[in-house]
Structures are given as structure tokens and as C-alpha cells.
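Undergrad: Right, I'll just put the structure down here and ask away after.
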Amino acid sequence: MKTDRNILIAFLLNLCFCVAEFIGGALIGSVAIASDALHDLGDALSLGIAYVLERISKRKPDAVHTYGYIRYSVLGSLITTAILLVGSVAILISAVGRIISPTPIHYDGMILFAVVGIAVNLIAAFVTAKGESLNQKAVNLHMLEDVLGWAVVLVGAIVMRFTDFALLDPILSICVAAFILSHAVHNLKDTLNIFLEKSPLSTLQLREHLMALEGIEDVHHIHIWTLDGQTHCATLHAVTAEDPHTIKDSIRHELTHLGVGHVTIELEVPGEHCHAPICHPEPTH
């Protein structure tokens, strides 16, 4: 499909360029280039995983993966984020070493790599710009961030070219690594929340919405989780004396507007004892 092909093109562009960056960064002596090479390697891995999982995630549910294969993309995010975290720390350590013991830098080569980096990532951003899937939109945003990152390197290289202020290179690499690190930590938190099945919505607010529906006397034993940050599921008990089909349709309609696409509803008549150990959600502290 076109979405898969576009992600594959972006992957190949980033992979080829990051290899050139690692070699060029070593020859030029720029830790800023090396840090962005690591970033681009993370991007290439992300794109490669995104490409594979874009295809796997389209598989239909089966007897083993009853909710489908959507969460495979979350696993890929966890792996890629871990790589970026380790790489960012390594770059920070390397940059501090360069500040303590400066080394010569080939500024013209650094400028050349920055220009090529901007061009490559602009092409990748253009290729993924019209994607409609959440996966491809995330890829496109990452590509645009890379364009901005290379623009920073280009400006720094030009400044060093005319001022010979070599310390600017490790300073820039620290800034780039810190930027990547902050985003990686944020992504890791979101990914772990999904694996820990943290509710993507407030169960208290959801209960208020459902209690406002006609014919519902109580809603309890509510559980909400997300498969990938976008596809939400819920189970709940609803107490009603009205027609079951009408009540279930009303609940499903309301939950659809709240972003919950898969819901399992158990109906109880007034006065029926609920055997769930915890019926009503408690406020978070």
C-alpha cells in the first residue's frame, strides 16, 4: 500500500544518510554530527519498525491475538525509545569529554553534512506528509523535527567557520541530545502507561456521562484501557429496568463519542447484587 511504501522510502533515506553521518562525523571530528547520526539511526530504526508493524497491525484478530495485532506497534515504540535513551546518554558523555579535551573540527565538512541532512529529511517529510494513518503522521512529525535539528547544526557550523569557536560543537550536541532525551522520556512514559493499562479517560467523568442517559439507574465496575493510545476499550456494569437493547445502544453511542470503540456491557436489574470486589471508581490521589 501507499502508506507502507512511503514509510519504507523514508526509512531507506534515513538509514543511508545515518551511515554516511557516522563515517563523516568521525572524519570531520564533529560530535554534533555524530550525535545527530545517532538520532537518525534511531529514526531509521523507528521507521523500519513502523514499516514492519504497519503491515503486521493490519492483521485481523485471531484465536491468539483476540484484539488484533495493534499493540505490536507499542512494543516497537518501547524498543526504539530505549535505544534513543541509551544513545542520548552516550552522546552527553562524549560531548562533556570534548569540552574538557577539545579536538579540531572540519567546519566545511560539517556545513556540507548539515545541508545534505536538511535536504534528506525534507524529502522524507514530503514523502510522508499526506499520510492518513496515525503511524505515518507520527513519522512525518519526526522528520520535520529532524529538519529543524539539522538547521541548528548548520547555523552552528557557519558560526564556528567564521569564529573558530570549536566548543560550540559539543554544546550543540548537548542541546540536541537533551532535546532527544526529553522527548524519549515522554514517549517512554506514554508507552509504559499503555502496557500498565492506565486508563486513557477519567472513569469518573465517563460514569457521569452514562448516568445522565435516560433509563440508567447506576453504572459501576468500569474498566477502561487502550491498545495503542488511540484504540480504547471498556467494560462496565449498568443497572436498568428498561429495554436492554435500547440501553446498550445508548451506552455504546455515548462511548463512541468519548473515543471508546470497543465496549462490553453487563446489565443488572435494580437491587441485583454485584459480585465485583470494587464497584465504583475512586478519585485519584
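How things are named: the first chain in the C-alpha cells is A, the next is B, and so on; residues count from 1 in each chain; ligands count from 1 in the order shown.
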Pick out the residues sitting within 6 Å of stretch 248-262 of chain A, and hand them over as number ranges by chain; count only C-alpha atoms, and ignore anything fewer than 3 positions along from it in its own chain.
TA: A: 232-233, 245
Undergrad: Tell me which protein, DNA and RNA residues are within 9 Å of A:Ile247, counting only C-alpha atoms, leaving out same-chain ones fewer than 5 positions away, and put them as a list in words.
TA: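 Near neighbours after the sequence-gap exclusion: Leu213, Glu214, Gly215, Ile216, Ala238, Thr240, Glu242, Arg252 and Leu267 of chain A.
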Undergrad: Which is closer to A:Leu78 than all the others in A:Val263, A:Leu236, A:Val219, A:Leu192, using only C-alpha atoms?
TA: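 Nearest candidate to A:Leu78 out of A:Val263, A:Leu236, A:Val219, A:Leu192: A:Leu192.
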Undergrad: Please compute the atom CA of A:Ala129-atom CA of A:Met143 distance, one decimal, in Å.
TA: 9.5 Å
